[in-house]
file work.tsv (TSV, C-alpha atoms)
chain	number	residue	atom	x	y	z
G	26	MET	CA	27.87	49.36	-14.48
G	27	ASN	CA	29.13	49.87	-10.95
G	28	HIS	CA	26.34	47.69	-9.71
G	29	ALA	CA	27.17	44.98	-12.21
G	30	ARG	CA	30.82	45.13	-11.28
G	31	ARG	CA	29.97	44.99	-7.62
G	32	THR	CA	27.72	42.00	-8.15
G	33	LEU	CA	30.43	40.27	-10.13
G	34	ALA	CA	32.87	41.10	-7.36
G	35	HIS	CA	30.57	39.49	-4.83
G	36	VAL	CA	30.22	36.34	-6.91
G	37	THR	CA	33.98	36.23	-7.41
G	38	LEU	CA	34.37	36.85	-3.72
G	39	ALA	CA	32.29	33.82	-2.88
G	40	LEU	CA	34.19	31.67	-5.37
G	41	GLY	CA	37.50	32.98	-4.14
G	42	LEU	CA	36.67	32.21	-0.55
G	43	ALA	CA	35.55	28.74	-1.49
G	44	MET	CA	38.70	28.07	-3.50
G	45	VAL	CA	41.40	29.30	-1.18
G	46	ALA	CA	39.53	29.19	2.12
G	47	ALA	CA	41.52	32.24	3.09
G	48	PRO	CA	40.64	34.58	5.93
G	49	ALA	CA	40.34	37.55	3.61
G	50	PHE	CA	39.74	38.03	-0.05
G	51	ALA	CA	42.09	40.23	-2.00
G	52	GLN	CA	40.82	41.28	-5.44
G	53	ASP	CA	39.69	44.87	-5.69
G	54	ASP	CA	39.63	46.66	-2.40
G	55	SER	CA	39.56	50.25	-3.52
G	56	GLY	CA	38.50	53.04	-1.25
G	57	PRO	CA	35.07	54.54	-0.75
G	58	LYS	CA	33.26	55.45	-3.94
G	59	PRO	CA	33.12	59.23	-4.25
G	60	LEU	CA	29.92	61.13	-4.98
G	61	GLU	CA	28.99	60.99	-8.62
G	62	LEU	CA	28.88	64.14	-10.72
G	63	GLY	CA	25.41	65.68	-10.63
G	64	SER	CA	24.80	64.58	-7.02
G	65	THR	CA	23.82	67.04	-4.32
G	66	ALA	CA	25.86	67.44	-1.15
G	67	PRO	CA	25.00	64.70	1.38
G	68	MET	CA	24.62	65.40	5.09
G	69	ALA	CA	24.16	69.08	4.35
G	70	THR	CA	22.54	69.68	7.74
G	71	ALA	CA	25.15	67.86	9.84
G	72	ALA	CA	26.83	70.12	12.40
G	73	LEU	CA	30.49	70.89	11.82
G	74	LYS	CA	32.55	72.81	14.35
G	75	ASN	CA	34.32	75.72	12.72
G	76	VAL	CA	37.64	77.12	13.94
G	77	ASP	CA	35.81	80.25	15.16
G	78	GLY	CA	33.95	78.05	17.66
G	79	LYS	CA	30.64	78.28	15.84
G	80	SER	CA	28.66	75.39	14.46
G	81	ILE	CA	28.06	75.40	10.72
G	82	THR	CA	26.48	73.10	8.15
G	83	LEU	CA	27.07	72.70	4.46
G	84	ALA	CA	23.56	74.03	3.87
G	85	THR	CA	24.17	77.25	5.79
G	86	ALA	CA	27.59	77.67	4.18
G	87	ALA	CA	26.27	77.28	0.63
G	88	GLY	CA	26.80	80.26	-1.67
G	89	LYS	CA	24.53	81.78	-4.28
G	90	LYS	CA	26.94	80.88	-7.06
G	91	GLY	CA	27.94	77.47	-5.74
G	92	THR	CA	29.62	75.63	-2.89
G	93	LEU	CA	33.21	74.47	-2.63
G	94	VAL	CA	34.09	71.70	-0.18
G	95	PHE	CA	37.70	70.82	0.57
G	96	PHE	CA	38.59	67.73	2.57
G	97	ILE	CA	41.91	68.69	4.09
G	98	CYS	CA	43.84	68.34	7.33
G	99	ASN	CA	47.02	69.74	8.86
G	100	HIS	CA	49.55	66.92	8.91
G	101	CYS	CA	49.52	65.73	5.32
G	102	PRO	CA	52.52	66.79	3.20
G	103	TRP	CA	50.31	67.03	0.13
G	104	VAL	CA	47.97	69.41	1.94
G	105	LYS	CA	50.99	71.39	3.11
G	106	ALA	CA	52.29	71.55	-0.44
G	107	TRP	CA	48.94	72.85	-1.69
G	108	GLN	CA	47.71	74.87	1.30
G	109	THR	CA	48.77	78.30	0.03
G	110	ARG	CA	46.92	77.58	-3.21
G	111	ILE	CA	43.95	76.18	-1.28
G	112	ALA	CA	43.79	79.46	0.66
G	113	ALA	CA	44.06	81.53	-2.51
G	114	VAL	CA	41.48	79.60	-4.52
G	115	GLY	CA	39.13	79.32	-1.53
G	116	ASN	CA	39.34	83.02	-0.68
G	117	ALA	CA	38.86	84.00	-4.31
G	118	ALA	CA	35.86	81.67	-4.68
G	119	ARG	CA	34.26	83.13	-1.58
G	120	SER	CA	34.71	86.67	-2.87
G	121	LYS	CA	32.86	85.62	-6.02
G	122	GLY	CA	29.80	84.28	-4.23
G	123	VAL	CA	30.78	80.66	-3.79
G	124	GLY	CA	30.32	79.20	-0.31
G	125	VAL	CA	33.54	77.57	0.87
G	126	VAL	CA	34.07	74.98	3.61
G	127	ALA	CA	37.26	73.11	4.38
G	128	ILE	CA	36.55	69.96	6.38
G	129	ASN	CA	38.96	68.00	8.52
G	130	ALA	CA	37.59	64.48	9.02
G	131	ASN	CA	40.78	62.90	10.34
G	132	ASP	CA	40.81	61.22	13.71
G	133	PRO	CA	43.23	63.41	15.69
G	134	SER	CA	44.13	60.46	17.88
G	135	ALA	CA	45.90	59.09	14.81
G	136	TYR	CA	47.39	62.44	13.86
G	137	PRO	CA	47.71	64.87	16.81
G	138	GLU	CA	48.67	67.63	14.36
G	139	ASP	CA	45.10	67.42	13.06
G	140	GLY	CA	43.54	68.49	16.38
G	141	TYR	CA	41.17	71.46	16.69
G	142	ALA	CA	43.68	73.89	18.25
G	143	GLU	CA	46.14	73.14	15.47
G	144	MET	CA	43.40	73.75	12.92
G	145	GLN	CA	42.71	77.17	14.44
G	146	LYS	CA	46.40	78.04	14.16
G	147	ARG	CA	46.63	76.82	10.58
G	148	ALA	CA	43.53	78.73	9.43
G	149	LYS	CA	44.92	81.92	10.95
G	150	GLN	CA	48.39	81.40	9.61
G	151	LEU	CA	47.13	80.80	6.07
G	152	GLY	CA	44.50	83.54	6.17
G	153	TYR	CA	41.53	81.31	5.39
G	154	LYS	CA	38.55	83.61	4.82
G	155	PHE	CA	36.33	80.54	4.81
G	156	ALA	CA	35.28	77.94	7.34
G	157	TYR	CA	37.74	75.26	8.42
G	158	ALA	CA	35.62	72.83	10.36
G	159	VAL	CA	35.77	69.49	12.14
G	160	ASP	CA	33.69	66.57	10.90
G	161	PRO	CA	33.28	65.15	14.42
G	162	THR	CA	32.20	61.65	13.38
G	163	SER	CA	33.94	61.58	9.97
G	164	ASP	CA	30.46	60.73	8.64
G	165	VAL	CA	30.36	63.68	6.25
G	166	ALA	CA	33.59	62.45	4.67
G	167	ARG	CA	32.14	58.93	4.52
G	168	ALA	CA	28.96	60.24	2.89
G	169	PHE	CA	30.98	62.14	0.29
G	170	GLY	CA	33.12	59.06	-0.32
G	171	ALA	CA	36.15	61.22	0.31
G	172	SER	CA	39.19	58.99	0.68
G	173	HIS	CA	42.17	61.29	0.93
G	174	THR	CA	43.39	64.81	1.61
G	175	PRO	CA	43.30	67.12	-0.17
G	176	GLU	CA	40.17	66.16	-2.11
G	177	VAL	CA	37.86	68.76	-3.60
G	178	PHE	CA	34.11	68.76	-4.35
G	179	LEU	CA	32.56	71.75	-6.13
G	180	PHE	CA	28.79	72.20	-6.45
G	181	ASP	CA	27.19	74.67	-8.83
G	182	ALA	CA	24.50	77.24	-8.08
G	183	SER	CA	21.78	74.58	-8.35
G	184	GLY	CA	23.63	72.38	-5.84
G	185	LYS	CA	24.88	69.74	-8.27
G	186	LEU	CA	28.39	68.32	-8.09
G	187	VAL	CA	30.27	69.62	-11.11
G	188	TYR	CA	33.91	69.10	-10.13
G	189	HIS	CA	35.67	66.44	-8.06
G	190	GLY	CA	39.36	65.90	-7.64
G	191	ALA	CA	42.56	67.83	-7.20
G	192	VAL	CA	43.47	71.50	-6.83
G	193	ASP	CA	45.84	71.39	-9.79
G	194	ASP	CA	48.24	69.02	-11.52
G	195	ASN	CA	51.39	69.61	-9.51
G	196	ALA	CA	51.41	69.59	-5.72
G	197	HIS	CA	55.10	69.89	-5.22
G	198	GLU	CA	56.11	72.49	-7.80
G	199	PRO	CA	53.63	75.37	-7.98
G	200	LYS	CA	55.69	76.95	-10.76
G	201	SER	CA	55.31	73.86	-12.92
G	202	VAL	CA	51.52	73.69	-12.72
G	203	GLU	CA	50.02	73.31	-16.17
G	204	HIS	CA	46.35	72.80	-15.27
G	205	ARG	CA	44.64	74.87	-12.58
G	206	TRP	CA	41.66	72.55	-12.53
G	207	LEU	CA	39.89	73.89	-9.47
G	208	GLU	CA	40.39	77.55	-10.31
G	209	GLU	CA	39.02	76.94	-13.81
G	210	ALA	CA	36.07	75.01	-12.39
G	211	VAL	CA	35.28	77.79	-9.89
G	212	ASN	CA	35.44	80.41	-12.63
G	213	ALA	CA	33.10	78.33	-14.78
G	214	VAL	CA	30.62	77.86	-11.93
G	215	VAL	CA	30.65	81.58	-11.14
G	216	ALA	CA	30.03	82.34	-14.82
G	217	GLY	CA	27.27	79.71	-14.99
G	218	LYS	CA	29.21	77.79	-17.63
G	219	PRO	CA	30.10	74.09	-17.89
G	220	VAL	CA	33.23	73.08	-15.99
G	221	PRO	CA	36.05	72.31	-18.47
G	222	VAL	CA	37.46	69.25	-16.65
G	223	ALA	CA	35.08	67.67	-14.16
G	224	GLU	CA	37.09	64.86	-12.63
G	225	THR	CA	40.80	64.74	-11.84
G	226	LYS	CA	43.09	62.77	-9.57
G	227	ALA	CA	46.13	63.30	-7.44
G	228	LEU	CA	47.95	61.40	-4.75
G	229	GLY	CA	46.97	62.22	-1.20
G	230	CYS	CA	46.96	61.07	2.41
G	231	GLY	CA	44.30	58.50	3.22
G	232	ILE	CA	41.66	60.00	5.52
G	233	LYS	CA	41.79	58.33	8.92
G	234	TYR	CA	38.08	58.06	9.67
G	235	ARG	CA	37.00	58.00	13.28
G	236	ASN	CA	35.67	54.65	14.40
G	237	LYS	CA	31.92	54.26	14.12
G	238	THR	CA	30.45	54.76	17.54
G	239	ALA	CA	27.74	52.40	18.70
G	240	SER	CA	24.48	54.24	19.11
V	12	MET	CA	74.01	64.55	3.12
V	13	ARG	CA	76.57	65.94	0.73
V	14	ALA	CA	79.32	65.97	3.31
V	15	ARG	CA	80.83	62.66	2.30
V	16	THR	CA	81.97	61.61	-1.13
V	17	VAL	CA	81.62	57.86	-0.89
V	18	PRO	CA	81.19	56.75	-4.53
V	19	PRO	CA	77.88	54.89	-4.08
V	20	LEU	CA	76.48	57.90	-2.31
V	21	LEU	CA	77.65	60.08	-5.16
V	22	PHE	CA	76.08	57.65	-7.59
V	23	ALA	CA	72.77	57.84	-5.79
V	24	ALA	CA	72.98	61.63	-5.64
V	25	LEU	CA	73.71	61.79	-9.35
V	26	LEU	CA	70.78	59.54	-10.11
V	27	VAL	CA	68.46	61.72	-8.13
V	28	ALA	CA	69.98	64.90	-9.52
V	29	SER	CA	69.63	63.68	-13.08
V	30	CYS	CA	65.95	62.89	-12.76
V	31	GLY	CA	64.70	65.97	-14.49
V	32	PRO	CA	61.20	66.21	-15.87
V	33	THR	CA	62.28	64.29	-18.94
V	34	ALA	CA	63.25	61.11	-17.11
V	35	ARG	CA	61.74	58.25	-19.07
V	36	THR	CA	60.80	54.71	-18.27
V	37	ASP	CA	63.81	53.14	-19.96
V	38	GLN	CA	66.02	55.09	-17.61
V	39	ALA	CA	64.13	53.62	-14.72
V	40	ALA	CA	64.43	50.00	-15.83
V	41	PRO	CA	65.12	47.62	-12.97
V	42	ALA	CA	68.70	48.11	-12.00
V	43	ARG	CA	68.98	45.16	-9.70
V	44	ASP	CA	72.71	44.87	-10.29
V	45	THR	CA	73.35	48.30	-8.88
V	46	THR	CA	71.67	47.31	-5.63
V	47	ALA	CA	73.08	49.54	-3.01
V	48	VAL	CA	76.26	47.73	-2.12
V	49	ALA	CA	76.99	50.64	0.13
V	50	ALA	CA	74.08	49.81	2.35
V	51	ALA	CA	76.09	47.51	4.53
V	52	ALA	CA	74.22	45.68	7.22
V	53	GLY	CA	74.02	47.90	10.24
V	54	ASP	CA	73.85	51.15	8.31
V	55	THR	CA	70.57	52.60	9.46
V	56	SER	CA	70.92	56.02	7.81
V	57	GLY	CA	70.23	54.45	4.43
V	58	ALA	CA	72.48	57.11	2.88
V	59	GLY	CA	73.71	54.65	0.27
V	60	LEU	CA	70.29	53.40	-0.74
V	61	THR	CA	69.19	53.97	-4.30
V	62	LEU	CA	65.66	55.09	-5.09
V	63	LEU	CA	65.36	55.02	-8.86
V	64	PRO	CA	62.95	57.51	-10.42
V	65	ILE	CA	60.16	55.65	-12.16
V	66	GLU	CA	56.97	56.28	-14.11
V	67	ALA	CA	53.90	54.05	-13.93
V	68	ASN	CA	54.86	52.51	-17.28
V	69	GLY	CA	58.22	51.60	-15.81
V	70	VAL	CA	56.45	49.84	-12.95
V	71	LEU	CA	54.34	47.90	-15.45
V	72	ALA	CA	57.48	47.01	-17.45
V	73	ILE	CA	58.92	45.44	-14.32
V	74	VAL	CA	55.82	43.44	-13.46
V	75	ARG	CA	55.72	42.15	-17.05
V	76	ASP	CA	59.41	41.29	-17.34
V	77	GLY	CA	58.79	37.60	-16.71
V	78	ARG	CA	61.34	37.41	-13.92
V	79	ALA	CA	58.91	36.60	-11.13
V	80	LYS	CA	55.93	34.34	-10.52
V	81	ALA	CA	54.20	37.20	-8.75
V	82	THR	CA	55.00	40.86	-8.09
V	83	VAL	CA	53.70	42.97	-5.26
V	84	VAL	CA	53.91	46.72	-5.95
V	85	ASN	CA	53.49	48.97	-2.94
V	86	VAL	CA	53.22	52.76	-3.16
V	87	TRP	CA	54.22	54.33	0.14
V	88	ALA	CA	55.75	57.43	1.72
V	89	SER	CA	58.01	57.87	4.72
V	90	TRP	CA	55.59	60.17	6.59
V	91	CYS	CA	52.52	58.01	5.90
V	92	ALA	CA	51.55	56.26	9.15
V	93	PRO	CA	49.45	53.44	7.64
V	94	CYS	CA	52.26	52.80	5.13
V	95	ARG	CA	54.75	52.37	7.98
V	96	ASP	CA	52.27	50.28	9.95
V	97	GLU	CA	51.64	47.76	7.20
V	98	PHE	CA	55.28	47.55	6.13
V	99	PRO	CA	56.41	44.64	8.36
V	100	GLU	CA	53.39	42.54	7.38
V	101	LEU	CA	53.89	43.36	3.72
V	102	ARG	CA	57.54	42.32	3.79
V	103	GLU	CA	56.88	39.19	5.84
V	104	ALA	CA	54.15	38.08	3.44
V	105	VAL	CA	56.46	38.52	0.44
V	106	GLN	CA	59.43	36.89	2.16
V	107	ALA	CA	57.31	33.90	3.15
V	108	ARG	CA	56.70	33.22	-0.55
V	109	ALA	CA	60.01	34.47	-1.95
V	110	ALA	CA	61.06	30.89	-2.70
V	111	ASP	CA	57.97	30.60	-4.89
V	112	GLY	CA	59.18	33.52	-6.98
V	113	VAL	CA	57.36	36.41	-5.32
V	114	ARG	CA	59.06	39.80	-5.32
V	115	LEU	CA	58.32	43.21	-3.84
V	116	VAL	CA	58.62	46.47	-5.78
V	117	LEU	CA	58.53	49.49	-3.49
V	118	VAL	CA	57.64	52.87	-4.98
V	119	SER	CA	58.00	55.87	-2.71
V	120	ALA	CA	55.78	58.89	-3.26
V	121	ASP	CA	57.98	61.07	-1.05
V	122	PHE	CA	58.95	64.55	-2.14
V	123	ASP	CA	62.65	65.14	-2.79
V	124	GLU	CA	63.22	66.81	0.57
V	125	GLN	CA	61.82	63.76	2.34
V	126	LEU	CA	64.22	61.32	0.68
V	127	PRO	CA	66.58	61.16	3.67
V	128	ASP	CA	63.60	60.04	5.79
V	129	ALA	CA	62.58	57.51	3.15
V	130	ARG	CA	66.11	56.07	3.04
V	131	LYS	CA	66.30	55.95	6.81
V	132	PHE	CA	62.98	54.14	7.05
V	133	LEU	CA	64.02	51.59	4.43
V	134	ALA	CA	67.37	50.98	6.09
V	135	THR	CA	65.95	50.60	9.58
V	136	SER	CA	63.32	48.25	8.16
V	137	GLY	CA	66.07	46.08	6.70
V	138	VAL	CA	65.54	46.98	3.04
V	139	HIS	CA	68.89	47.21	1.28
V	140	ASP	CA	67.82	46.59	-2.31
V	141	THR	CA	67.12	49.21	-4.90
V	142	THR	CA	63.66	50.68	-4.60
V	143	TYR	CA	61.87	53.33	-6.62
V	144	LEU	CA	60.65	56.90	-6.43
V	145	LYS	CA	57.50	58.00	-8.25
V	146	HIS	CA	58.48	60.36	-11.02
V	147	ASP	CA	55.36	60.89	-13.06
V	148	ALA	CA	52.34	63.17	-13.19
V	149	ASP	CA	49.99	62.05	-10.41
V	150	GLN	CA	46.93	61.49	-12.56
V	151	ARG	CA	48.80	59.48	-15.18
V	152	PHE	CA	50.58	57.47	-12.49
V	153	ILE	CA	47.30	56.66	-10.72
V	154	ASP	CA	45.23	55.81	-13.78
V	155	THR	CA	47.98	53.78	-15.44
V	156	LEU	CA	48.31	51.55	-12.39
V	157	ASN	CA	44.57	51.32	-11.73
V	158	PRO	CA	41.76	53.68	-12.75
V	159	ALA	CA	39.85	52.54	-9.65
V	160	TRP	CA	42.60	53.92	-7.39
V	161	SER	CA	41.54	57.20	-5.74
V	162	GLY	CA	45.14	58.29	-5.21
V	163	SER	CA	45.12	57.52	-1.50
V	164	ILE	CA	48.20	55.81	-0.08
V	165	PRO	CA	49.31	53.23	0.83
V	166	ALA	CA	48.23	51.39	-2.28
V	167	THR	CA	49.15	47.81	-3.13
V	168	PHE	CA	48.93	46.11	-6.52
V	169	VAL	CA	49.52	42.38	-6.90
V	170	TYR	CA	50.36	40.92	-10.31
V	171	ASP	CA	50.70	37.37	-11.58
V	172	ALA	CA	53.64	36.01	-13.60
V	173	ALA	CA	52.24	37.49	-16.82
V	174	GLY	CA	51.88	40.91	-15.24
V	175	ARG	CA	48.10	40.79	-14.88
V	176	ARG	CA	46.83	42.67	-11.87
V	177	VAL	CA	44.92	40.20	-9.71
V	178	ALA	CA	44.50	42.22	-6.54
V	179	PHE	CA	44.46	45.83	-5.45
V	180	ARG	CA	43.83	47.68	-2.27
V	181	GLU	CA	44.21	51.21	-1.00
V	182	GLY	CA	44.67	51.84	2.68
V	183	ARG	CA	46.53	49.75	5.21
V	184	GLY	CA	46.87	46.10	4.28
V	185	THR	CA	47.04	43.19	6.68
V	186	ARG	CA	49.15	40.03	6.62
V	187	ALA	CA	46.02	38.06	5.75
V	188	TRP	CA	45.22	40.32	2.81
V	189	PHE	CA	48.77	40.19	1.46
V	190	ASP	CA	48.89	36.39	1.86
V	191	THR	CA	45.60	35.92	0.05
V	192	ALA	CA	46.54	38.28	-2.77
V	193	ILE	CA	49.90	36.56	-3.26
V	194	THR	CA	48.26	33.12	-3.27
V	195	GLN	CA	45.85	34.34	-5.94
V	196	ALA	CA	48.69	35.75	-8.02
V	197	LEU	CA	50.64	32.50	-7.82
V	198	GLY	CA	47.57	30.61	-8.96
V	199	PRO	CA	46.70	26.94	-8.54
V	200	GLY	CA	49.57	24.56	-8.01
V	201	ALA	CA	51.68	26.99	-6.08
V	202	GLY	CA	49.86	26.47	-2.86
V	203	HIS	CA	51.99	23.62	-1.52
V	204	ARG	CA	54.03	26.05	0.50
V	205	SER	CA	51.70	27.28	3.13
V	206	PRO	CA	52.39	30.82	4.24
V	207	SER	CA	52.76	31.09	7.95

call {"tool": "encode", "arguments": {"input": "work.tsv", "output": "structure tokens"}}
result
Amino acid sequence: MNHARRTLAHVTLALGLAMVAAPAFAQDDSGPKPLELGSTAPMATAALKNVDGKSITLATAAGKKGTLVFFICNHCPWVKAWQTRIAAVGNAARSKGVGVVAINANDPSAYPEDGYAEMQKRAKQLGYKFAYAVDPTSDVARAFGASHTPEVFLFDASGKLVYHGAVDDNAHEPKSVEHRWLEEAVNAVVAGKPVPVAETKALGCGIKYRNKTAS
Amino acid sequence: MRARTVPPLLFAALLVASCGPTARTDQAAPARDTTAVAAAAGDTSGAGLTLLPIEANGVLAIVRDGRAKATVVNVWASWCAPCRDEFPELREAVQARAADGVRLVLVSADFDEQLPDARKFLATSGVHDTTYLKHDADQRFIDTLNPAWSGSIPATFVYDAAGRRVAFREGRGTRAWFDTAITQALGPGAGHRSPS
């Protein structure tokens, strides 16, 4: 269906360009398409620089019960609103045998607060017992189709994506949260059960990918 | 912020204060007549600016109200750098076609504590009309406006006179993108006024 839609979009694109002779075509310009449920983690052997100075990969960080990947950063108010819960859910998941990696793919030249030293401070301040690592080319985020922070991807014990989306349903008011989507998904993965809600959405800060470097 | 008791300021404060979790769409209907009269030219604090709480259905009610030939809806936040970056181009593109019946509906996704920054940004950018503040569950807000939207901001939705969405983008827009989307929304026959 996606393919058909894309093809249609391309045809429409051609028509649109012909009709209005405009420099750009509007229509549907949504962000990168995120990994589909059931997919395995892409770029699992790409080196990510953790806040402890060591190099890690998603493959080495994977847990026996599953792997939880957060795309986060420091500057984003939505991340700030959720970060205590991100720490709690991440730490709890790790203690249950789930590998946990928080990835910052933002270009720090766009957001100085997202630089490595600031990441080290933030991880310490929040008591992350899991990796908080730099995606130095933003290519891991691109490969995941991650578009904003925070955005969560949870893989089960067999390495398949079983949850994608938000931490819970209320960033701003922790006391008003009705659905703890991620926590429930982690508990399901640890128990080897199906995840109750597999895809959710929340507003977030667009990830500022680093420019592609010529190679 | 509460130091002064200028009536329009009080009005705005009351509006914000009354937007409990039960605020409904009808409450957030376009209140163009209440356009912040207090926001006199030169006031860059934006203290008198009204940001009406709105749900996604309220946004759709506006775009379908038949009062414009095209409506550009932009979801932004005061701290969002690409939102601020695209803002001048967004406004210029809409203003260039305002005579053709194009209007801009701004919906802030700021948290309550960021509202002073949002008002200041609007005022310093020369926006003195009523704008809106997202007051809806994120997932419902996102999927009601466009299921293909990831939730990343800025996000721009362009509707034709009948309220059909003809263009969408997430991430920073450019003048060329806005111009093209507006031209599409206006449809054939409206192109005599060339945007410049």

call {"tool": "atom_distance", "arguments": {"input": "work.tsv", "atom1": "atom CA of G:Phe180", "atom2": "atom CA of G:Glu208"}}
result
13.3 Å

call {"tool": "residues_around", "arguments": {"input": "work.tsv", "residues": "stretch 216-221 of chain G", "least_positions_apart": "6", "cutoff": "8 Å", "atoms": "all atoms listed in the file", "output": "mmCIF file with C-alpha atoms, in the frame of the given file"}}
result
data_model
loop_
_atom_site.group_PDB
_atom_site.id
_atom_site.type_symbol
_atom_site.label_atom_id
_atom_site.label_comp_id
_atom_site.auth_asym_id
_atom_site.auth_seq_id
_atom_site.Cartn_x
_atom_site.Cartn_y
_atom_site.Cartn_z
ATOM 1 C CA ASP G 181 27.190 74.670 -8.830
ATOM 2 C CA ALA G 182 24.500 77.240 -8.080
ATOM 3 C CA VAL G 187 30.270 69.620 -11.110
ATOM 4 C CA TYR G 188 33.910 69.100 -10.130
ATOM 5 C CA GLU G 209 39.020 76.940 -13.810
ATOM 6 C CA ALA G 210 36.070 75.010 -12.390
#

call {"tool": "atom_distance", "arguments": {"input": "work.tsv", "atom1": "atom CA of G:Trp103", "atom2": "atom CA of G:Ser163"}}
result
19.9 Å

call {"tool": "atom_distance", "arguments": {"input": "work.tsv", "atom1": "atom CA of G:Val177", "atom2": "atom CA of V:Val84"}}
result
27.4 Å

call {"tool": "interface_residues", "arguments": {"input": "work.tsv", "of": "chain V", "to": "chain G", "cutoff": "9 Å", "atoms": "only C-alpha atoms", "output": "PDB file with C-alpha atoms, in the frame of the given file"}}
result
ATOM      1  CA  TRP V  90      55.590  60.170   6.590  1.00  0.00           C
ATOM      2  CA  CYS V  91      52.520  58.010   5.900  1.00  0.00           C
ATOM      3  CA  ALA V  92      51.550  56.260   9.150  1.00  0.00           C
ATOM      4  CA  PRO V  93      49.450  53.440   7.640  1.00  0.00           C
ATOM      5  CA  ALA V 120      55.780  58.890  -3.260  1.00  0.00           C
ATOM      6  CA  ASP V 121      57.980  61.070  -1.050  1.00  0.00           C
ATOM      7  CA  PHE V 122      58.950  64.550  -2.140  1.00  0.00           C
ATOM      8  CA  ALA V 148      52.340  63.170 -13.190  1.00  0.00           C
ATOM      9  CA  ASP V 149      49.990  62.050 -10.410  1.00  0.00           C
ATOM     10  CA  GLN V 150      46.930  61.490 -12.560  1.00  0.00           C
ATOM     11  CA  ARG V 151      48.800  59.480 -15.180  1.00  0.00           C
ATOM     12  CA  PHE V 152      50.580  57.470 -12.490  1.00  0.00           C
ATOM     13  CA  ILE V 153      47.300  56.660 -10.720  1.00  0.00           C
ATOM     14  CA  ASP V 154      45.230  55.810 -13.780  1.00  0.00           C
ATOM     15  CA  ALA V 159      39.850  52.540  -9.650  1.00  0.00           C
ATOM     16  CA  TRP V 160      42.600  53.920  -7.390  1.00  0.00           C
ATOM     17  CA  SER V 161      41.540  57.200  -5.740  1.00  0.00           C
ATOM     18  CA  GLY V 162      45.140  58.290  -5.210  1.00  0.00           C
ATOM     19  CA  SER V 163      45.120  57.520  -1.500  1.00  0.00           C
ATOM     20  CA  ILE V 164      48.200  55.810  -0.080  1.00  0.00           C
ATOM     21  CA  PRO V 165      49.310  53.230   0.830  1.00  0.00           C
ATOM     22  CA  ALA V 166      48.230  51.390  -2.280  1.00  0.00           C
ATOM     23  CA  VAL V 169      49.520  42.380  -6.900  1.00  0.00           C
ATOM     24  CA  ARG V 176      46.830  42.670 -11.870  1.00  0.00           C
ATOM     25  CA  VAL V 177      44.920  40.200  -9.710  1.00  0.00           C
ATOM     26  CA  ALA V 178      44.500  42.220  -6.540  1.00  0.00           C
ATOM     27  CA  PHE V 179      44.460  45.830  -5.450  1.00  0.00           C
ATOM     28  CA  ARG V 180      43.830  47.680  -2.270  1.00  0.00           C
ATOM     29  CA  GLU V 181      44.210  51.210  -1.000  1.00  0.00           C
ATOM     30  CA  GLY V 182      44.670  51.840   2.680  1.00  0.00           C
ATOM     31  CA  ALA V 187      46.020  38.060   5.750  1.00  0.00           C
ATOM     32  CA  TRP V 188      45.220  40.320   2.810  1.00  0.00           C
ATOM     33  CA  PHE V 189      48.770  40.190   1.460  1.00  0.00           C
ATOM     34  CA  ASP V 190      48.890  36.390   1.860  1.00  0.00           C
ATOM     35  CA  THR V 191      45.600  35.920   0.050  1.00  0.00           C
ATOM     36  CA  ALA V 192      46.540  38.280  -2.770  1.00  0.00           C
ATOM     37  CA  ILE V 193      49.900  36.560  -3.260  1.00  0.00           C
ATOM     38  CA  THR V 194      48.260  33.120  -3.270  1.00  0.00           C
ATOM     39  CA  GLN V 195      45.850  34.340  -5.940  1.00  0.00           C
TER      40      GLN V 195
END

call {"tool": "residues_around", "arguments": {"input": "work.tsv", "residues": "V:His146", "least_positions_apart": "5", "cutoff": "6 Å", "atoms": "only C-alpha atoms", "output": "PDB file with C-alpha atoms, in the frame of the given file"}}
result
ATOM      1  CA  PRO V  64      62.950  57.510 -10.420  1.00  0.00           C
ATOM      2  CA  ILE V  65      60.160  55.650 -12.160  1.00  0.00           C
ATOM      3  CA  GLU V  66      56.970  56.280 -14.110  1.00  0.00           C
TER       4      GLU V  66
END

call {"tool": "residues_around", "arguments": {"input": "work.tsv", "residues": "V:Gly57", "least_positions_apart": "4", "cutoff": "9 Å", "atoms": "all atoms listed in the file", "output": "short mmCIF file (atom, residue, chain, number, x, y, z; two decimals) with C-alpha atoms, in the frame of the given file"}}
result
data_model
loop_
_atom_site.label_atom_id
_atom_site.label_comp_id
_atom_site.auth_asym_id
_atom_site.auth_seq_id
_atom_site.Cartn_x
_atom_site.Cartn_y
_atom_site.Cartn_z
CA ALA V 49 76.99 50.64 0.13
CA ALA V 50 74.08 49.81 2.35
CA THR V 61 69.19 53.97 -4.30
CA PRO V 127 66.58 61.16 3.67
CA ASP V 128 63.60 60.04 5.79
CA ALA V 129 62.58 57.51 3.15
CA ARG V 130 66.11 56.07 3.04
CA LYS V 131 66.30 55.95 6.81
CA PHE V 132 62.98 54.14 7.05
CA LEU V 133 64.02 51.59 4.43
CA ALA V 134 67.37 50.98 6.09
CA THR V 135 65.95 50.60 9.58
CA VAL V 138 65.54 46.98 3.04
CA HIS V 139 68.89 47.21 1.28
#

call {"tool": "axis_aligned_box", "arguments": {"input": "work.tsv", "around": "stretch 61-70 of chain V", "padding_each_side": "3 Å", "output": "JSON"}}
result
{"center_x": 61.5, "center_y": 53.7, "center_z": -10.8, "size_x": 21.3, "size_y": 13.7, "size_z": 19.0}

call {"tool": "residues_near_point", "arguments": {"input": "work.tsv", "point": "(44.4, 76.3, 10.2)", "cutoff": "12 Å", "atoms": "all atoms listed in the file", "output": "ChimeraX atom specification"}}
result
/G:75-77,97-100,104-105,108-109,111-112,127-129,138-159
